[in-house]
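Trainee: Provided below: work.csv, containing CSV, C-alpha atoms.
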```csv
chain,number,residue,atom,x,y,z
A,1,GLU,CA,10.8,-13.0,3.3
A,2,ASP,CA,13.3,-11.8,5.8
A,3,ASN,CA,12.9,-8.2,4.6
A,4,VAL,CA,9.1,-8.2,5.0
A,5,ASN,CA,9.5,-9.9,8.4
A,6,ALA,CA,11.9,-7.2,9.5
A,7,LEU,CA,9.4,-4.4,8.7
A,8,GLN,CA,6.6,-6.4,10.2
A,9,HIS,CA,8.6,-6.7,13.4
A,10,TYR,CA,9.2,-3.0,13.5
A,11,LEU,CA,5.5,-2.2,13.1
A,12,ARG,CA,4.5,-4.6,15.9
A,13,THR,CA,7.2,-3.6,18.4
A,14,THR,CA,8.9,-0.3,18.0
A,15,ALA,CA,6.1,1.4,16.1
A,16,GLU,CA,3.5,0.0,18.5
A,17,GLN,CA,1.2,-1.2,15.8
A,18,PRO,CA,0.3,-4.7,17.0
A,19,GLU,CA,-3.3,-4.6,15.8
A,20,TYR,CA,-2.6,-3.5,12.2
A,21,ARG,CA,-4.9,-5.2,9.6
A,22,GLY,CA,-2.8,-6.5,6.8
A,23,GLU,CA,-2.0,-9.3,4.3
A,24,LYS,CA,1.4,-10.9,3.7
A,25,LEU,CA,2.1,-12.6,0.4
A,26,ILE,CA,5.3,-14.7,0.1
A,27,ASP,CA,6.6,-15.9,-3.2
A,28,ARG,CA,9.3,-18.5,-2.1
A,29,PRO,CA,11.8,-19.8,-4.6
A,30,GLY,CA,11.3,-23.4,-5.5
A,31,ARG,CA,7.8,-23.7,-4.2
A,32,ALA,CA,5.3,-23.7,-7.0
A,33,SER,CA,2.4,-23.5,-4.4
A,34,ASP,CA,3.6,-20.1,-3.4
A,35,ASP,CA,3.6,-18.6,-7.0
A,36,ILE,CA,1.9,-15.3,-6.9
A,37,THR,CA,0.2,-14.1,-10.1
A,38,SER,CA,-0.2,-10.5,-11.1
A,39,THR,CA,-3.9,-10.9,-10.6
A,40,ALA,CA,-3.4,-12.2,-7.0
A,41,LEU,CA,-1.1,-9.3,-6.2
A,42,LEU,CA,-3.3,-6.7,-7.7
A,43,ASN,CA,-6.3,-8.1,-5.9
A,44,ALA,CA,-4.4,-7.8,-2.6
A,45,VAL,CA,-3.4,-4.2,-3.4
A,46,GLY,CA,-7.1,-3.4,-4.3
A,47,ALA,CA,-8.2,-5.0,-1.0
A,48,LEU,CA,-5.7,-2.9,0.9
A,49,ALA,CA,-7.1,0.2,-0.7
A,50,SER,CA,-10.7,-0.9,0.2
A,51,ARG,CA,-9.8,-1.7,3.8
A,52,THR,CA,-8.1,1.7,4.3
A,53,GLY,CA,-10.9,3.6,5.8
A,54,PRO,CA,-11.6,7.4,5.9
A,55,GLY,CA,-8.7,9.2,7.5
A,56,GLU,CA,-6.6,6.0,7.7
A,57,VAL,CA,-3.1,5.3,6.3
A,58,GLY,CA,-2.3,2.3,4.1
A,59,LEU,CA,1.1,0.8,3.7
A,60,PHE,CA,2.3,-1.3,0.8
A,61,TYR,CA,5.7,-2.9,1.2
A,62,TYR,CA,7.3,-4.9,-1.6
A,63,SER,CA,10.6,-6.9,-1.6
A,64,GLY,CA,11.6,-8.6,-4.8
A,65,HIS,CA,12.5,-8.1,-8.4
A,66,GLY,CA,11.8,-4.9,-10.2
A,67,SER,CA,12.3,-3.0,-13.4
A,68,ARG,CA,12.0,0.7,-14.4
A,69,THR,CA,8.2,0.2,-15.0
A,70,SER,CA,7.1,-2.8,-12.9
A,71,ILE,CA,7.7,-5.2,-10.0
A,72,SER,CA,7.6,-8.9,-10.7
A,73,THR,CA,6.8,-12.2,-9.1
A,74,LYS,CA,7.9,-15.6,-10.4
A,75,ALA,CA,4.7,-15.7,-12.5
A,76,ASP,CA,4.6,-12.4,-14.2
A,77,ALA,CA,5.0,-8.6,-13.9
A,78,VAL,CA,2.9,-6.0,-12.2
A,79,PHE,CA,3.2,-2.4,-13.6
A,80,TYR,CA,3.7,0.5,-11.3
A,81,SER,CA,0.8,2.2,-13.0
A,82,GLU,CA,-1.5,-0.7,-12.0
A,83,ILE,CA,-0.4,-0.4,-8.4
A,84,TYR,CA,-0.8,3.3,-8.4
A,85,ASP,CA,-4.3,3.2,-9.9
A,86,ARG,CA,-5.6,0.8,-7.2
A,87,LEU,CA,-4.0,2.6,-4.2
A,88,ASN,CA,-5.0,6.0,-5.6
A,89,ALA,CA,-8.6,4.9,-5.7
A,90,ALA,CA,-8.7,5.0,-1.9
A,91,LEU,CA,-7.3,8.6,-1.9
A,92,THR,CA,-9.8,10.0,-4.5
A,93,ARG,CA,-13.1,8.2,-3.6
A,94,THR,CA,-16.0,10.2,-2.3
A,95,ASN,CA,-18.2,7.5,-0.7
A,96,PRO,CA,-16.9,6.5,1.8
A,97,PRO,CA,-14.7,9.5,2.4
A,98,PRO,CA,-11.1,9.1,1.2
A,99,ALA,CA,-8.1,7.6,3.1
A,100,HIS,CA,-5.6,10.0,4.6
A,101,LYS,CA,-2.4,8.8,2.9
A,102,MET,CA,-0.7,5.9,1.1
A,103,VAL,CA,2.8,4.9,2.1
A,104,VAL,CA,4.8,2.7,-0.3
A,105,VAL,CA,8.2,1.2,0.5
A,106,LEU,CA,9.9,-0.7,-2.3
A,107,GLU,CA,12.9,-3.0,-1.8
A,108,ALA,CA,13.6,-3.7,-5.5
A,109,CYS,CA,16.0,-2.9,-8.4
A,110,HIS,CA,15.0,0.2,-10.4
A,111,SER,CA,12.2,0.9,-7.8
A,112,GLY,CA,12.7,4.7,-8.3
A,113,GLY,CA,10.5,4.0,-11.4
A,114,PHE,CA,7.4,4.1,-9.2
A,115,ILE,CA,8.3,7.6,-8.1
A,116,ASP,CA,8.9,8.5,-11.8
A,117,HIS,CA,5.3,7.3,-12.5
A,118,LEU,CA,3.9,9.5,-9.6
A,119,HIS,CA,5.6,12.5,-11.1
A,120,SER,CA,4.3,11.7,-14.6
A,121,VAL,CA,0.7,11.6,-13.4
A,122,GLY,CA,1.0,14.6,-11.1
A,123,ALA,CA,0.3,12.7,-7.9
A,124,ASP,CA,-0.6,14.8,-4.9
A,125,GLN,CA,2.6,14.7,-2.7
A,126,SER,CA,0.6,15.5,0.4
A,127,LYS,CA,-1.3,12.2,-0.1
A,128,TRP,CA,1.7,9.9,-0.8
A,129,ILE,CA,5.0,8.9,0.9
A,130,VAL,CA,7.1,6.6,-1.2
A,131,VAL,CA,10.6,5.4,-0.3
A,132,SER,CA,12.5,3.3,-2.9
A,133,ALA,CA,15.6,1.2,-2.4
A,134,ALA,CA,17.2,2.5,-5.5
A,135,ALA,CA,17.0,5.1,-8.3
A,136,THR,CA,15.3,4.2,-11.6
A,137,ASP,CA,18.7,3.3,-13.2
A,138,GLN,CA,20.1,1.4,-10.3
A,139,LYS,CA,19.9,-2.1,-8.9
A,140,ALA,CA,19.1,-2.9,-5.2
A,141,TYR,CA,21.5,-5.2,-3.5
A,142,GLN,CA,21.4,-7.8,-0.8
A,143,PRO,CA,24.6,-9.2,0.7
A,144,THR,CA,25.2,-12.9,0.2
A,145,LEU,CA,27.5,-13.3,3.2
A,146,SER,CA,26.6,-11.1,6.2
A,147,PRO,CA,25.4,-11.3,9.8
A,148,PHE,CA,21.9,-10.3,8.5
A,149,ASP,CA,19.8,-11.6,5.7
A,150,LEU,CA,18.2,-8.3,4.7
A,151,GLY,CA,18.6,-6.0,1.7
A,152,PHE,CA,21.0,-3.1,2.3
A,153,PHE,CA,18.0,-0.7,2.1
A,154,THR,CA,15.6,-2.5,4.4
A,155,LYS,CA,18.3,-3.1,7.0
A,156,ALA,CA,19.4,0.6,7.0
A,157,LEU,CA,15.8,1.9,6.9
A,158,THR,CA,14.5,-0.2,9.8
A,159,ASP,CA,17.6,0.6,11.8
A,160,ARG,CA,17.0,4.3,11.3
A,161,LEU,CA,13.3,4.0,12.0
A,162,ALA,CA,14.0,2.2,15.3
A,163,SER,CA,15.9,5.2,16.5
A,164,GLY,CA,12.7,7.4,16.2
A,165,GLY,CA,11.7,10.2,14.0
A,166,SER,CA,9.7,10.4,10.8
A,167,LEU,CA,10.0,8.4,7.6
A,168,HIS,CA,11.7,11.3,6.0
A,169,ASP,CA,14.1,11.6,8.9
A,170,ALA,CA,14.9,7.9,8.4
A,171,TRP,CA,15.4,8.3,4.7
A,172,SER,CA,17.5,11.4,4.9
A,173,GLY,CA,19.8,9.7,7.3
A,174,LEU,CA,20.5,6.8,4.9
A,175,PRO,CA,24.0,6.6,3.4
A,176,GLY,CA,24.4,8.2,0.0
A,177,ASN,CA,25.4,4.8,-1.3
A,178,LEU,CA,23.6,1.9,0.5
A,179,ASN,CA,25.8,-0.7,-1.2
A,180,SER,CA,29.0,-0.3,0.9
A,181,TRP,CA,30.3,-3.8,-0.1
A,182,SER,CA,31.1,-3.0,-3.8
A,183,VAL,CA,31.6,-0.1,-6.3
A,184,LYS,CA,28.0,-0.4,-7.4
A,185,THR,CA,25.9,2.6,-6.4
A,186,GLN,CA,22.5,2.3,-4.7
A,187,THR,CA,20.8,5.5,-3.7
A,188,SER,CA,17.3,5.5,-2.0
A,189,GLN,CA,14.7,7.9,-3.4
A,190,PHE,CA,11.9,9.8,-1.6
A,191,PHE,CA,8.5,11.2,-2.7
A,192,GLY,CA,6.1,13.1,-0.5
A,193,SER,CA,5.7,16.6,1.0
A,194,ASN,CA,4.9,15.5,4.6
A,195,THR,CA,8.4,15.3,6.2
A,196,SER,CA,7.0,14.7,9.7
A,197,PHE,CA,4.8,11.7,9.1
A,198,THR,CA,5.8,8.7,11.3
A,199,LEU,CA,4.6,5.1,11.4
A,200,ARG,CA,5.0,5.1,15.1
A,201,ASP,CA,2.0,5.4,17.4
A,202,PRO,CA,3.1,7.7,20.2
A,203,ASP,CA,-0.2,7.6,21.9
A,204,GLY,CA,-0.5,3.9,22.0
A,205,ASP,CA,-3.9,3.9,20.4
A,206,ALA,CA,-2.9,2.3,17.0
A,207,LYS,CA,-4.3,5.2,15.1
A,208,HIS,CA,-2.5,4.1,11.9
A,209,ARG,CA,-3.5,0.4,11.9
A,210,GLN,CA,-4.1,-0.2,8.2
A,211,PHE,CA,-1.0,-1.9,6.8
A,212,GLY,CA,-0.2,-4.6,4.2
A,213,PRO,CA,0.3,-6.5,2.0
A,214,GLY,CA,4.0,-7.4,1.7
A,215,PRO,CA,4.8,-9.9,-1.0
```
Take the structure in the file and write it out as structure tokens.
Mentor:
Amino acid sequence: EDNVNALQHYLRTTAEQPEYRGEKLIDRPGRASDDITSTALLNAVGALASRTGPGEVGLFYYSGHGSRTSISTKADAVFYSEIYDRLNAALTRTNPPPAHKMVVVLEACHSGGFIDHLHSVGADQSKWIVVSAAATDQKAYQPTLSPFDLGFFTKALTDRLASGGSLHDAWSGLPGNLNSWSVKTQTSQFFGSNTSFTLRDPDGDAKHRQFGPGP
């Protein structure tokens, strides 16, 4: 929850996106009422794609457990292919006209697997920007004792984004090993050809307002 709140804070303040339309799903440990099923998550992803209008940008942020082929809630798993299919529908539709771009940020173990899937289906790199917390064969770590309650990836990425520049600038400035507290290696991955795209709204007109959900 702290990870998603950190990105939400960045969007509302530094990025000047206070009016973004989004949905936040929280799957809190020990609270059965918060259990998010794969159906609920995929419905939210589908709703995000539908709400992302012609020429708009959609943002999907996930923080939680992951594998080489899926992310998972307490209830069950959601395959990267299922997420891709729903988001890609907004980029390939003809009526209404397609969305401009989909941005996916994954704070999860083995989250590079989503990028592997994009490569396997030949996804158009001009239509996607994906930043993963770790490579396909790596875990993503969160410190248990620290002055912040964020994953190494989300903390480093939001710090870099706050200093300005594009998503690619922020990613390229991340440490080669995000996990500086142990010998375990965690290396963020990037997919996309637009290295100048930014989530910030320099004109103050909230032109990229379509963000969410963040389970």
Trainee: Skip Val104 in chain A itself and residues of its chain fewer than 3 positions away, then list as a VMD selection string all residues within 8 Å of it, counting all atoms listed in the file.
Mentor: chain A and resid 59 to 61 128 to 131
Trainee: Please provide as a PyMOL selection string all residues within 8 Å of Trp171 in chain A, with the sequence filter that same-chain residues fewer than 2 positions apart are discarded (counting all atoms listed in the file).
Mentor: chain A and resi 131+157+160+167-169+173-174+188+190
Trainee: Using all atoms listed in the file, find the one residue out of A:Gly176, A:Gly151, A:Pro54, A:Gly164 that sits nearest to Asn95 in chain A.
Mentor: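 So, comparing all the options, the nearest one is A:Pro54.
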Trainee: Rounded to one decimal in Å, what is the spacing between CA of Val45 in chain A and CA of Ser163 in chain A?
Mentor: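 So the answer is 29.3 Å.
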Trainee: For Ile71 in chain A, which of A:His110, A:His117, A:Lys24, A:Lys139 is the closest residue, counting all atoms listed in the file?
Mentor: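 Counting all atoms listed in the file, the residue closest to Ile71 in chain A is A:His110.
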Trainee: Measuring atom to atom with only C-alpha atoms, identify which of A:Ala133, A:Leu25, A:Leu199, A:Pro143 is nearest to Pro175 in chain A.
Mentor: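 Closest to Pro175 in chain A of all the choices is A:Ala133.
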Trainee: Give me, please, the distance in Å between CA of Ala134 in chain A and CA of Gly112 in chain A, quoted to one decimal.
Mentor: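 Result for CA of Ala134 in chain A versus CA of Gly112 in chain A: 5.7 Å, one decimal.
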Trainee: When you draw a straight line from CA of Val78 in chain A to CA of Ser38 in chain A, how long is it in Å?
Mentor: 5.6 Å
Trainee: For Thr52 in chain A, work out the shell of residues within 8 Å, counting all atoms listed in the file and skipping chain neighbours fewer than 3 positions away, then give it as a PyMOL selection string.
Mentor: chain A and resi 48-49+56-58+90+99+210
Trainee: Within 8 Å of Asn194 in chain A, counting all atoms listed in the file, which residues qualify if same-chain residues fewer than 2 places away don't, as a PyMOL selection string?
Mentor: chain A and resi 125-126+129+192+196-197
Trainee: Please check which residues have atoms at most 8 Å from (4.9, 0.3, -12.8) in the file's coordinates, counting all atoms listed in the file, and write them as a PyMOL selection string.
Mentor: chain A and resi 68-71+78-84+113-114+117
Trainee: Using all atoms listed in the file, pick whichever of A:Glu107, A:Ser120, A:His100, A:Lys184 has the shortest atom-to-atom distance to Leu7 in chain A.
Mentor: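 Among the listed residues, the smallest separation from Leu7 in chain A belongs to A:Glu107.
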Trainee: Have a look at A:Lys155, A:Lys101, A:His65, A:Arg86 and name the one nearest to Asn43 in chain A; count all atoms listed in the file.
Mentor: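 The answer is A:Arg86, which sits nearest to Asn43 in chain A.
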Trainee: Which residue gives the smallest distance to Leu150 in chain A among A:Thr187, A:Ser63, A:Asn88, A:Ser50, with all atoms listed in the file counted?
Mentor: A:Ser63
